[in-house]
file model08.cif (mmCIF, C-alpha atoms and all ligand atoms)
data_run
#
loop_
_atom_site.group_PDB
_atom_site.id
_atom_site.type_symbol
_atom_site.label_atom_id
_atom_site.label_comp_id
_atom_site.auth_asym_id
_atom_site.auth_seq_id
_atom_site.Cartn_x
_atom_site.Cartn_y
_atom_site.Cartn_z
ATOM 1 C CA MET G 234 0.119 32.008 -20.774
ATOM 2 C CA GLU G 235 -1.994 29.506 -22.733
ATOM 3 C CA THR G 236 1.107 28.221 -24.567
ATOM 4 C CA LEU G 237 2.822 27.757 -21.219
ATOM 5 C CA ILE G 238 -0.088 25.680 -19.863
ATOM 6 C CA LEU G 239 -0.220 23.593 -23.062
ATOM 7 C CA LYS G 240 3.536 23.004 -22.900
ATOM 8 C CA HIS G 241 3.211 21.886 -19.268
ATOM 9 C CA GLN G 242 0.354 19.512 -20.182
ATOM 10 C CA GLU G 243 2.412 18.034 -23.057
ATOM 11 C CA LYS G 244 5.399 17.527 -20.748
ATOM 12 C CA SER G 245 3.153 15.930 -18.155
ATOM 13 C CA LYS G 246 1.698 13.530 -20.772
ATOM 14 C CA GLU G 247 5.208 12.596 -21.949
ATOM 15 C CA ASN G 248 6.249 11.970 -18.339
ATOM 16 C CA THR G 249 3.260 9.640 -17.805
ATOM 17 C CA ILE G 250 4.015 7.608 -20.953
ATOM 18 C CA GLU G 251 7.655 7.317 -19.888
ATOM 19 C CA MET G 252 6.634 6.335 -16.350
ATOM 20 C CA VAL G 253 4.266 3.564 -17.515
ATOM 21 C CA ASP G 254 6.973 2.202 -19.823
ATOM 22 C CA PHE G 255 9.461 2.397 -16.950
ATOM 23 C CA TYR G 256 7.242 0.354 -14.604
ATOM 24 C CA ASN G 257 6.220 -2.150 -17.275
ATOM 25 C CA GLU G 258 9.872 -2.925 -17.950
ATOM 26 C CA ALA G 259 11.620 -2.393 -14.615
ATOM 27 C CA THR G 260 9.088 -3.761 -12.065
ATOM 28 C CA GLU G 261 10.653 -7.232 -12.153
ATOM 29 C CA ASP G 262 14.001 -5.732 -11.066
ATOM 30 C CA TYR G 263 12.416 -4.882 -7.718
ATOM 31 C CA ALA G 264 12.556 -8.600 -6.827
ATOM 32 C CA PHE G 265 16.202 -7.843 -6.167
ATOM 33 C CA TRP G 266 15.276 -4.985 -3.808
ATOM 34 C CA SER G 267 12.494 -6.779 -1.980
ATOM 35 C CA LYS G 268 11.463 -10.405 -1.959
ATOM 36 C CA ASP G 269 7.895 -9.248 -1.210
ATOM 37 C CA LEU G 270 8.067 -6.786 -4.122
ATOM 38 C CA ASN G 271 7.735 -3.693 -1.952
ATOM 39 C CA MET G 272 8.621 -0.822 -4.270
ATOM 40 C CA HIS G 273 9.482 1.673 -1.559
ATOM 41 C CA PHE G 274 12.061 2.510 1.114
ATOM 42 C CA GLY G 275 11.981 1.005 4.581
ATOM 43 C CA TYR G 276 11.413 2.143 8.152
ATOM 44 C CA TYR G 277 13.927 1.273 10.845
ATOM 45 C CA ARG G 278 12.821 0.735 14.443
ATOM 46 C CA PRO G 279 15.844 0.542 16.750
ATOM 47 C CA PHE G 280 16.031 -2.768 18.678
ATOM 48 C CA LEU G 281 12.987 -4.084 16.810
ATOM 49 C CA ASN G 282 14.342 -4.588 13.310
ATOM 50 C CA SER G 283 17.884 -4.831 12.017
ATOM 51 C CA PRO G 284 19.291 -2.095 9.739
ATOM 52 C CA PHE G 285 21.013 -4.927 7.827
ATOM 53 C CA ARG G 286 17.809 -6.741 6.958
ATOM 54 C CA ARG G 287 16.231 -4.674 4.226
ATOM 55 C CA ASN G 288 13.063 -6.664 3.731
ATOM 56 C CA THR G 289 11.980 -6.343 7.346
ATOM 57 C CA MET G 290 12.456 -2.559 7.136
ATOM 58 C CA LEU G 291 10.409 -2.422 3.904
ATOM 59 C CA ASN G 292 7.589 -4.349 5.548
ATOM 60 C CA GLU G 293 7.859 -2.128 8.623
ATOM 61 C CA MET G 294 7.071 0.799 6.320
ATOM 62 C CA ASN G 295 3.811 -1.003 5.413
ATOM 63 C CA ASN G 296 3.152 -1.573 9.111
ATOM 64 C CA GLN G 297 3.700 2.108 10.009
ATOM 65 C CA VAL G 298 1.380 3.347 7.246
ATOM 66 C CA LEU G 299 -1.268 0.800 8.191
ATOM 67 C CA LYS G 300 -1.078 1.791 11.867
ATOM 68 C CA ARG G 301 -1.784 5.421 10.947
ATOM 69 C CA LEU G 302 -4.905 4.404 8.982
ATOM 70 C CA ASN G 303 -6.578 3.351 12.290
ATOM 71 C CA LEU G 304 -8.671 0.691 10.572
ATOM 72 C CA ASP G 305 -11.488 -1.287 12.133
ATOM 73 C CA LYS G 306 -10.029 -4.824 12.275
ATOM 74 C CA ASP G 307 -13.465 -6.486 11.811
ATOM 75 C CA LYS G 308 -14.542 -4.794 8.609
ATOM 76 C CA SER G 309 -12.869 -2.139 6.523
ATOM 77 C CA THR G 310 -12.015 -1.298 2.950
ATOM 78 C CA ILE G 311 -8.927 0.529 1.736
ATOM 79 C CA ILE G 312 -7.552 1.865 -1.505
ATOM 80 C CA ASP G 313 -3.847 1.952 -2.379
ATOM 81 C CA LEU G 314 -3.338 4.860 -4.774
ATOM 82 C CA GLY G 315 -0.342 3.863 -6.933
ATOM 83 C CA CYS G 316 -0.045 0.334 -5.569
ATOM 84 C CA GLY G 317 2.815 -1.179 -7.595
ATOM 85 C CA VAL G 318 2.341 -4.946 -7.528
ATOM 86 C CA GLY G 319 0.378 -4.726 -4.298
ATOM 87 C CA GLY G 320 3.165 -5.339 -1.744
ATOM 88 C CA THR G 321 1.422 -3.140 0.833
ATOM 89 C CA MET G 322 -2.008 -4.581 0.012
ATOM 90 C CA ARG G 323 -0.780 -8.148 0.565
ATOM 91 C CA TYR G 324 0.886 -7.154 3.831
ATOM 92 C CA ALA G 325 -2.324 -5.473 5.049
ATOM 93 C CA LEU G 326 -4.634 -8.290 3.951
ATOM 94 C CA LYS G 327 -2.557 -10.904 5.764
ATOM 95 C CA LYS G 328 -2.469 -8.792 8.916
ATOM 96 C CA ILE G 329 -6.115 -7.641 9.079
ATOM 97 C CA LYS G 330 -8.585 -10.430 8.447
ATOM 98 C CA GLY G 331 -11.679 -8.225 7.972
ATOM 99 C CA LEU G 332 -10.017 -6.108 5.312
ATOM 100 C CA THR G 333 -10.819 -5.695 1.625
ATOM 101 C CA ALA G 334 -8.242 -3.836 -0.470
ATOM 102 C CA PHE G 335 -8.263 -2.187 -3.867
ATOM 103 C CA GLY G 336 -5.272 -0.798 -5.687
ATOM 104 C CA VAL G 337 -4.769 1.344 -8.770
ATOM 105 C CA THR G 338 -1.718 1.621 -10.985
ATOM 106 C CA LEU G 339 -1.125 2.851 -14.524
ATOM 107 C CA SER G 340 1.143 -0.082 -15.414
ATOM 108 C CA PRO G 341 -0.658 -3.024 -17.084
ATOM 109 C CA PHE G 342 2.280 -5.260 -16.160
ATOM 110 C CA GLN G 343 1.748 -4.462 -12.471
ATOM 111 C CA VAL G 344 -2.008 -5.116 -12.740
ATOM 112 C CA GLU G 345 -1.406 -8.601 -14.129
ATOM 113 C CA LYS G 346 1.454 -9.559 -11.830
ATOM 114 C CA GLY G 347 -0.160 -7.939 -8.748
ATOM 115 C CA ASN G 348 -3.512 -9.676 -9.235
ATOM 116 C CA ALA G 349 -1.778 -13.043 -9.681
ATOM 117 C CA LEU G 350 -0.053 -12.507 -6.316
ATOM 118 C CA LEU G 351 -3.371 -11.486 -4.700
ATOM 119 C CA LYS G 352 -5.206 -14.565 -5.978
ATOM 120 C CA HIS G 353 -6.196 -16.036 -2.624
ATOM 121 C CA LEU G 354 -6.681 -12.722 -0.832
ATOM 122 C CA LYS G 355 -9.528 -10.175 -0.729
ATOM 123 C CA GLY G 356 -7.726 -7.705 -2.937
ATOM 124 C CA SER G 357 -7.837 -6.482 -6.473
ATOM 125 C CA ILE G 358 -5.731 -4.147 -8.624
ATOM 126 C CA ILE G 359 -7.112 -2.145 -11.516
ATOM 127 C CA ASN G 360 -5.520 -0.142 -14.298
ATOM 128 C CA GLU G 361 -6.628 3.380 -13.389
ATOM 129 C CA ASN G 362 -5.242 6.830 -12.760
ATOM 130 C CA TYR G 363 -5.200 7.802 -9.080
ATOM 131 C CA ASN G 364 -6.053 11.363 -10.076
ATOM 132 C CA GLN G 365 -9.404 10.241 -11.466
ATOM 133 C CA THR G 366 -10.634 6.816 -10.402
ATOM 134 C CA SER G 367 -13.986 5.211 -11.198
ATOM 135 C CA PHE G 368 -14.809 4.555 -7.527
ATOM 136 C CA LYS G 369 -17.918 6.149 -6.029
ATOM 137 C CA SER G 370 -17.455 9.004 -3.585
ATOM 138 C CA ASN G 371 -17.391 8.058 0.131
ATOM 139 C CA SER G 372 -16.345 4.439 -0.515
ATOM 140 C CA PHE G 373 -13.265 3.772 1.631
ATOM 141 C CA ASP G 374 -12.284 3.707 5.292
ATOM 142 C CA GLY G 375 -8.668 4.325 4.388
ATOM 143 C CA ALA G 376 -6.608 5.590 1.458
ATOM 144 C CA LEU G 377 -2.833 5.360 1.209
ATOM 145 C CA ALA G 378 -0.127 6.476 -1.163
ATOM 146 C CA ILE G 379 3.438 5.230 -0.690
ATOM 147 C CA GLU G 380 5.980 6.916 -2.976
ATOM 148 C CA SER G 381 3.434 7.216 -5.764
ATOM 149 C CA PHE G 382 1.988 10.761 -5.732
ATOM 150 C CA CYS G 383 5.501 12.095 -6.510
ATOM 151 C CA HIS G 384 4.932 10.852 -10.072
ATOM 152 C CA SER G 385 2.203 13.519 -10.426
ATOM 153 C CA GLY G 386 4.278 16.088 -8.543
ATOM 154 C CA HIS G 387 2.192 15.798 -5.343
ATOM 155 C CA ASP G 388 -0.470 17.659 -7.257
ATOM 156 C CA LYS G 389 -3.590 18.886 -5.460
ATOM 157 C CA ARG G 390 -5.684 16.753 -7.886
ATOM 158 C CA SER G 391 -4.285 13.542 -6.343
ATOM 159 C CA PHE G 392 -5.182 14.624 -2.789
ATOM 160 C CA LYS G 393 -8.616 15.768 -3.983
ATOM 161 C CA GLU G 394 -9.331 12.323 -5.419
ATOM 162 C CA ALA G 395 -8.192 10.655 -2.193
ATOM 163 C CA TYR G 396 -10.558 12.968 -0.283
ATOM 164 C CA ARG G 397 -13.454 12.217 -2.648
ATOM 165 C CA VAL G 398 -13.263 8.417 -2.365
ATOM 166 C CA LEU G 399 -12.849 8.425 1.428
ATOM 167 C CA LYS G 400 -15.851 8.029 3.736
ATOM 168 C CA SER G 401 -16.459 10.769 6.257
ATOM 169 C CA ASN G 402 -13.914 10.221 9.087
ATOM 170 C CA GLY G 403 -11.897 7.993 6.741
ATOM 171 C CA ARG G 404 -8.122 8.246 7.065
ATOM 172 C CA PHE G 405 -5.526 9.193 4.455
ATOM 173 C CA VAL G 406 -1.808 8.426 4.832
ATOM 174 C CA ILE G 407 0.993 9.342 2.471
ATOM 175 C CA ALA G 408 4.624 8.244 2.857
ATOM 176 C CA ASP G 409 6.983 10.013 0.502
ATOM 177 C CA ALA G 410 9.938 12.325 0.008
ATOM 178 C CA PHE G 411 9.179 16.062 -0.056
ATOM 179 C CA LEU G 412 11.147 19.259 -0.409
ATOM 180 C CA LYS G 413 11.844 21.205 2.756
ATOM 181 C CA LYS G 414 11.998 24.441 0.749
ATOM 182 C CA GLU G 415 10.812 25.770 -2.598
ATOM 183 C CA THR G 416 12.740 24.639 -5.722
ATOM 184 C CA SER G 417 13.968 28.186 -6.294
ATOM 185 C CA GLU G 418 15.722 28.054 -2.895
ATOM 186 C CA LEU G 419 17.661 24.820 -3.535
ATOM 187 C CA CYS G 420 21.454 25.094 -3.578
ATOM 188 C CA TYR G 421 23.392 23.989 -6.675
ATOM 189 C CA GLY G 422 24.085 20.456 -5.355
ATOM 190 C CA SER G 423 20.510 19.785 -4.199
ATOM 191 C CA ASN G 424 19.109 21.192 -7.402
ATOM 192 C CA TYR G 425 21.369 18.909 -9.477
ATOM 193 C CA ALA G 426 20.434 15.780 -7.478
ATOM 194 C CA TYR G 427 16.744 16.784 -7.591
ATOM 195 C CA ARG G 428 16.639 17.303 -11.390
ATOM 196 C CA LYS G 429 18.428 13.993 -12.010
ATOM 197 C CA LEU G 430 16.196 12.136 -9.548
ATOM 198 C CA CYS G 431 13.026 13.450 -11.220
ATOM 199 C CA SER G 432 14.186 12.636 -14.741
ATOM 200 C CA HIS G 433 15.448 9.115 -13.915
ATOM 201 C CA TRP G 434 12.413 8.064 -11.871
ATOM 202 C CA SER G 435 9.880 9.917 -14.076
ATOM 203 C CA LEU G 436 8.752 12.147 -11.214
ATOM 204 C CA GLU G 437 6.926 15.268 -12.277
ATOM 205 C CA ARG G 438 8.378 17.065 -9.243
ATOM 206 C CA LEU G 439 8.402 16.866 -5.445
ATOM 207 C CA ALA G 440 6.214 19.391 -3.672
ATOM 208 C CA SER G 441 7.351 21.336 -0.633
ATOM 209 C CA ILE G 442 5.955 20.013 2.618
ATOM 210 C CA LYS G 443 4.447 23.438 3.370
ATOM 211 C CA THR G 444 2.476 23.464 0.103
ATOM 212 C CA VAL G 445 1.112 19.959 0.696
ATOM 213 C CA LYS G 446 -0.068 20.818 4.192
ATOM 214 C CA LYS G 447 -1.846 23.876 2.831
ATOM 215 C CA ASP G 448 -3.440 21.881 -0.024
ATOM 216 C CA LEU G 449 -4.750 19.268 2.412
ATOM 217 C CA THR G 450 -6.200 21.963 4.663
ATOM 218 C CA ASP G 451 -7.833 23.741 1.687
ATOM 219 C CA LEU G 452 -9.411 20.458 0.574
ATOM 220 C CA GLY G 453 -11.063 20.016 3.972
ATOM 221 C CA PHE G 454 -8.842 17.374 5.591
ATOM 222 C CA LYS G 455 -8.781 17.528 9.403
ATOM 223 C CA ASN G 456 -6.240 16.429 12.048
ATOM 224 C CA ILE G 457 -3.345 16.788 9.607
ATOM 225 C CA LYS G 458 -0.191 15.367 11.144
ATOM 226 C CA VAL G 459 3.197 15.810 9.463
ATOM 227 C CA GLU G 460 6.061 13.607 10.711
ATOM 228 C CA ASP G 461 9.626 13.899 9.464
ATOM 229 C CA VAL G 462 10.861 10.284 9.493
ATOM 230 C CA SER G 463 14.022 10.834 7.414
ATOM 231 C CA PHE G 464 16.298 9.241 10.029
ATOM 232 C CA ARG G 465 14.097 6.140 10.202
ATOM 233 C CA VAL G 466 14.164 5.786 6.426
ATOM 234 C CA ALA G 467 17.898 6.559 5.988
ATOM 235 C CA PRO G 468 19.178 3.024 6.868
ATOM 236 C CA SER G 469 17.227 1.537 3.956
ATOM 237 C CA VAL G 470 18.405 4.314 1.594
ATOM 238 C CA LEU G 471 21.958 3.333 2.523
ATOM 239 C CA HIS G 472 21.259 -0.119 1.092
ATOM 240 C CA VAL G 473 21.042 1.420 -2.399
ATOM 241 C CA PRO G 474 24.753 1.196 -3.433
ATOM 242 C CA PHE G 475 24.954 -2.440 -2.269
ATOM 243 C CA ALA G 476 21.706 -3.396 -3.971
ATOM 244 C CA ILE G 477 22.813 -1.720 -7.220
ATOM 245 C CA THR G 478 26.217 -3.456 -7.188
ATOM 246 C CA GLY G 479 24.622 -6.828 -6.433
ATOM 247 C CA PHE G 480 22.061 -6.386 -9.194
ATOM 248 C CA ILE G 481 24.684 -5.483 -11.824
ATOM 249 C CA LEU G 482 26.990 -8.360 -10.789
ATOM 250 C CA LYS G 483 24.124 -10.831 -10.978
ATOM 251 C CA LYS G 484 23.316 -9.673 -14.521
ATOM 252 C CA LEU G 485 26.990 -9.834 -15.539
ATOM 253 C CA PHE G 486 27.444 -13.362 -14.193
ATOM 254 C CA ALA G 487 24.316 -14.467 -16.041
ATOM 255 C CA PHE G 488 25.714 -12.836 -19.250
ATOM 256 C CA LYS G 489 22.555 -10.737 -19.458
ATOM 257 C CA SER G 490 22.540 -7.145 -20.649
ATOM 258 C CA LEU G 491 20.838 -4.383 -18.699
ATOM 259 C CA LYS G 492 17.585 -2.997 -20.146
ATOM 260 C CA ARG G 493 17.453 0.757 -20.712
ATOM 261 C CA GLU G 494 14.686 1.037 -18.090
ATOM 262 C CA SER G 495 16.701 -0.986 -15.566
ATOM 263 C CA LEU G 496 19.681 1.304 -16.037
ATOM 264 C CA HIS G 497 17.419 4.325 -15.643
ATOM 265 C CA ASN G 498 16.028 2.832 -12.427
ATOM 266 C CA LEU G 499 19.502 2.137 -11.028
ATOM 267 C CA LYS G 500 20.651 5.676 -11.781
ATOM 268 C CA GLY G 501 17.424 6.998 -10.181
ATOM 269 C CA SER G 502 18.199 5.020 -7.004
ATOM 270 C CA PHE G 503 21.674 6.547 -6.922
ATOM 271 C CA TYR G 504 20.237 10.077 -7.228
ATOM 272 C CA ALA G 505 17.733 9.255 -4.458
ATOM 273 C CA LEU G 506 20.694 8.495 -2.226
ATOM 274 C CA LEU G 507 22.455 11.672 -3.345
ATOM 275 C CA SER G 508 19.317 13.761 -2.681
ATOM 276 C CA GLY G 509 18.928 12.117 0.718
ATOM 277 C CA LEU G 510 22.351 13.414 1.703
ATOM 278 C CA HIS G 511 21.089 17.001 1.268
ATOM 279 C CA MET G 512 19.179 16.882 4.500
ATOM 280 C CA LYS G 513 18.395 20.583 4.579
ATOM 281 C CA SER G 514 16.556 20.332 1.246
ATOM 282 C CA PHE G 515 14.867 16.915 1.266
ATOM 283 C CA GLY G 516 13.016 14.926 3.869
ATOM 284 C CA TYR G 517 10.973 11.739 4.044
ATOM 285 C CA TYR G 518 7.600 12.287 5.674
ATOM 286 C CA PHE G 519 4.448 10.565 6.829
ATOM 287 C CA ILE G 520 1.426 12.798 6.472
ATOM 288 C CA SER G 521 -1.811 11.524 7.935
ATOM 289 C CA ALA G 522 -5.196 13.206 7.912
ATOM 290 C CA THR G 523 -8.897 12.555 8.425
ATOM 291 C CA LYS G 524 -11.753 13.417 6.053
HETATM 292 C C1 LIG G 601 7.528 3.631 -6.584
HETATM 293 S S1 LIG G 601 6.094 2.762 -7.058
HETATM 294 C C2 LIG G 601 5.396 2.491 -5.468
HETATM 295 C C3 LIG G 601 4.448 1.346 -5.489
HETATM 296 C C4 LIG G 601 3.821 0.978 -4.148
HETATM 297 N N1 LIG G 601 3.160 2.098 -3.538
HETATM 298 C C5 LIG G 601 4.828 0.382 -3.205
HETATM 299 O O1 LIG G 601 5.210 1.076 -2.268
HETATM 300 O O2 LIG G 601 5.233 -0.776 -3.415
HETATM 301 C C6 LIG G 601 5.027 4.013 -7.745
HETATM 302 C C7 LIG G 601 3.687 3.482 -8.240
HETATM 303 O O3 LIG G 601 2.838 4.597 -8.569
HETATM 304 C C8 LIG G 601 2.091 4.258 -9.723
HETATM 305 N N2 LIG G 601 1.588 5.485 -10.360
HETATM 306 C C9 LIG G 601 2.288 6.583 -10.725
HETATM 307 N N3 LIG G 601 1.465 7.523 -11.256
HETATM 308 C C10 LIG G 601 0.207 6.986 -11.214
HETATM 309 C C11 LIG G 601 -1.079 7.479 -11.573
HETATM 310 N N4 LIG G 601 -1.248 8.687 -12.094
HETATM 311 N N5 LIG G 601 -2.147 6.668 -11.370
HETATM 312 C C12 LIG G 601 -1.992 5.430 -10.818
HETATM 313 N N6 LIG G 601 -0.799 4.918 -10.446
HETATM 314 C C13 LIG G 601 0.285 5.691 -10.640
HETATM 315 C C14 LIG G 601 3.082 3.483 -10.574
HETATM 316 O O4 LIG G 601 2.408 2.743 -11.560
HETATM 317 C C15 LIG G 601 3.726 2.614 -9.482
HETATM 318 O O5 LIG G 601 2.928 1.489 -9.270
#
call {"tool": "encode", "arguments": {"input": "model08.cif", "output": "structure tokens", "more": "lines below"}}
Ligand SMILES: C[S@@+](CC[C@H](N)C(=O)[O-])C[C@H]1O[C@@H](n2cnc3c(N)ncnc32)[C@H](O)[C@@H]1O
result
Amino acid sequence: METLILKHQEKSKENTIEMVDFYNEATEDYAFWSKDLNMHFGYYRPFLNSPFRRNTMLNEMNNQVLKRLNLDKDKSTIIDLGCGVGGTMRYALKKIKGLTAFGVTLSPFQVEKGNALLKHLKGSIINENYNQTSFKSNSFDGALAIESFCHSGHDKRSFKEAYRVLKSNGRFVIADAFLKKETSELCYGSNYAYRKLCSHWSLERLASIKTVKKDLTDLGFKNIKVEDVSFRVAPSVLHVPFAITGFILKKLFAFKSLKRESLHNLKGSFYALLSGLHMKSFGYYFISATK
């Protein structure tokens, strides 16, 4: 048993090192995905944004998460747990004048680039682990995690830390892909896409939606709301093949070679699309809850 736990911890450490390297090297590629450097999928609102305009859907994802945080517009403080280069933070700070935002990421490249982009805004990014931050308990009105907790396998530790740093009645919102069933129940095709997705995007695993709901309840979160928004996210996932082709062509025309991390990222995006097609096994969800 002890050897098994040690082996798991070793694997987890390796995954983290690989993930940090991945983001240090491949973050700049996201400029091709999003001009605002949003490192996530988008949210489509029929008649309000166009499924052909990716950047508006990516920013709509920020808008939807922000809406669910129910922040006081005059004065509030949020933390973005796994913030990338602060795309969501910048969106929020421009929209809500009384807001102060903090973000944590493990990638030093993202800290430097993100803080440069936040220069004239009330936001700051630090190089910390979202599973164990240095913030005092009961500090924030809102905590969010967009496609970041998957890197730690949607582990209970990550939710526990979000709970700890939130003020009483503070809101937590996560937007991410989850399994609709346990890994042991996945069919051959879903299992293949899932394994490849995890290895190419350095994801420890994806938790099942049922497990996450239970973990949040056990931790003391109230008013837990789970929304399956897969169909709203699908139009932006369908941009993946076009974005990949465009990115490769641009590199070829500039006579530039592809970095190993960039190639890994592109393959990961392809497996995200492949996983998304297995709609009985995977779903994209918003989960919101109150402390
Ligand atoms: C796919 S990106 C999403 C970034 C951002 N949420 C967005 O939507 O633009 C995942 C982010 O999670 C961060 N991350 C992964 N594991 C982390 C950890 N244990 N602690 C802090 N950040 C982490 C990565 O550094 C990266 O910034």
call {"tool": "atom_distance", "arguments": {"input": "model08.cif", "atom1": "atom CA of Cys431 of chain G", "atom2": "atom N5 of ligand LIG 601 (chain G)"}}
result
16.6 Å
call {"tool": "resolve_selection", "arguments": {"input": "model08.cif", "expression": "the PyMOL selection byres (((not hetatm)) within 9 of (chain G and resi 601))", "output": "CSV table (one decimal) with C-alpha atoms, in the coordinates of the input"}}
result
chain,number,residue,atom,x,y,z
G,249,THR,CA,3.3,9.6,-17.8
G,252,MET,CA,6.6,6.3,-16.4
G,253,VAL,CA,4.3,3.6,-17.5
G,255,PHE,CA,9.5,2.4,-17.0
G,256,TYR,CA,7.2,0.4,-14.6
G,257,ASN,CA,6.2,-2.2,-17.3
G,260,THR,CA,9.1,-3.8,-12.1
G,270,LEU,CA,8.1,-6.8,-4.1
G,271,ASN,CA,7.7,-3.7,-2.0
G,272,MET,CA,8.6,-0.8,-4.3
G,273,HIS,CA,9.5,1.7,-1.6
G,274,PHE,CA,12.1,2.5,1.1
G,291,LEU,CA,10.4,-2.4,3.9
G,294,MET,CA,7.1,0.8,6.3
G,295,ASN,CA,3.8,-1.0,5.4
G,313,ASP,CA,-3.8,2.0,-2.4
G,314,LEU,CA,-3.3,4.9,-4.8
G,315,GLY,CA,-0.3,3.9,-6.9
G,316,CYS,CA,0.0,0.3,-5.6
G,317,GLY,CA,2.8,-1.2,-7.6
G,318,VAL,CA,2.3,-4.9,-7.5
G,319,GLY,CA,0.4,-4.7,-4.3
G,320,GLY,CA,3.2,-5.3,-1.7
G,321,THR,CA,1.4,-3.1,0.8
G,322,MET,CA,-2.0,-4.6,0.0
G,336,GLY,CA,-5.3,-0.8,-5.7
G,337,VAL,CA,-4.8,1.3,-8.8
G,338,THR,CA,-1.7,1.6,-11.0
G,339,LEU,CA,-1.1,2.9,-14.5
G,340,SER,CA,1.1,-0.1,-15.4
G,341,PRO,CA,-0.7,-3.0,-17.1
G,343,GLN,CA,1.7,-4.5,-12.5
G,344,VAL,CA,-2.0,-5.1,-12.7
G,360,ASN,CA,-5.5,-0.1,-14.3
G,361,GLU,CA,-6.6,3.4,-13.4
G,362,ASN,CA,-5.2,6.8,-12.8
G,363,TYR,CA,-5.2,7.8,-9.1
G,364,ASN,CA,-6.1,11.4,-10.1
G,365,GLN,CA,-9.4,10.2,-11.5
G,366,THR,CA,-10.6,6.8,-10.4
G,377,LEU,CA,-2.8,5.4,1.2
G,378,ALA,CA,-0.1,6.5,-1.2
G,379,ILE,CA,3.4,5.2,-0.7
G,380,GLU,CA,6.0,6.9,-3.0
G,381,SER,CA,3.4,7.2,-5.8
G,382,PHE,CA,2.0,10.8,-5.7
G,383,CYS,CA,5.5,12.1,-6.5
G,384,HIS,CA,4.9,10.9,-10.1
G,385,SER,CA,2.2,13.5,-10.4
G,391,SER,CA,-4.3,13.5,-6.3
G,408,ALA,CA,4.6,8.2,2.9
G,434,TRP,CA,12.4,8.1,-11.9
G,435,SER,CA,9.9,9.9,-14.1
G,436,LEU,CA,8.8,12.1,-11.2
call {"tool": "atom_distance", "arguments": {"input": "model08.cif", "atom1": "atom CA of Ala325 of chain G", "atom2": "atom CA of Ser309 of chain G"}}
result
11.2 Å
call {"tool": "closest_atom_pairs", "arguments": {"input": "model08.cif", "of": "segment 381-433 of chain G", "to": "segment 437-460 of chain G", "cutoff": "6 Å", "atoms": "all atoms listed in the file", "output": "JSON lines"}}
result
{"residue": "G:Cys383", "atom": "CA", "partner": "G:Leu439", "partner_atom": "CA", "distance": 5.7}
{"residue": "G:His384", "atom": "CA", "partner": "G:Glu437", "partner_atom": "CA", "distance": 5.3}
{"residue": "G:Ser385", "atom": "CA", "partner": "G:Glu437", "partner_atom": "CA", "distance": 5.4}
{"residue": "G:Gly386", "atom": "CA", "partner": "G:Arg438", "partner_atom": "CA", "distance": 4.3}
{"residue": "G:His387", "atom": "CA", "partner": "G:Ala440", "partner_atom": "CA", "distance": 5.6}
{"residue": "G:Phe411", "atom": "CA", "partner": "G:Leu439", "partner_atom": "CA", "distance": 5.5}
{"residue": "G:Leu412", "atom": "CA", "partner": "G:Ser441", "partner_atom": "CA", "distance": 4.3}
{"residue": "G:Lys413", "atom": "CA", "partner": "G:Ser441", "partner_atom": "CA", "distance": 5.6}
{"residue": "G:Lys414", "atom": "CA", "partner": "G:Ser441", "partner_atom": "CA", "distance": 5.8}
{"residue": "G:Glu415", "atom": "CA", "partner": "G:Ser441", "partner_atom": "CA", "distance": 6.0}
call {"tool": "closest_residue", "arguments": {"input": "model08.cif", "among": "G:Trp266, G:Tyr396, G:Phe405, G:Tyr427", "to": "Val470 of chain G", "atoms": "only C-alpha atoms"}}
result
G:Trp266
call {"tool": "closest_residue", "arguments": {"input": "model08.cif", "among": "G:Gly331, G:Gly347, G:Gly501, G:Pro284", "to": "Asp269 of chain G", "atoms": "only C-alpha atoms"}}
result
G:Gly347
call {"tool": "axis_aligned_box", "arguments": {"input": "model08.cif", "around": "segment 381-396 of chain G", "padding_each_side": "4 Å", "output": "lines of an AutoDock Vina configuration file"}}
result
center_x = -2.5
center_y = 13.1
center_z = -5.4
size_x = 24.1
size_y = 19.7
size_z = 18.1
call {"tool": "resolve_selection", "arguments": {"input": "model08.cif", "expression": "the PyMOL selection byres (((chain G and resi 485-495) around 9) and not hetatm)", "output": "ChimeraX atom specification"}}
result
/G:254-256,258-260,262,480-484,496-500
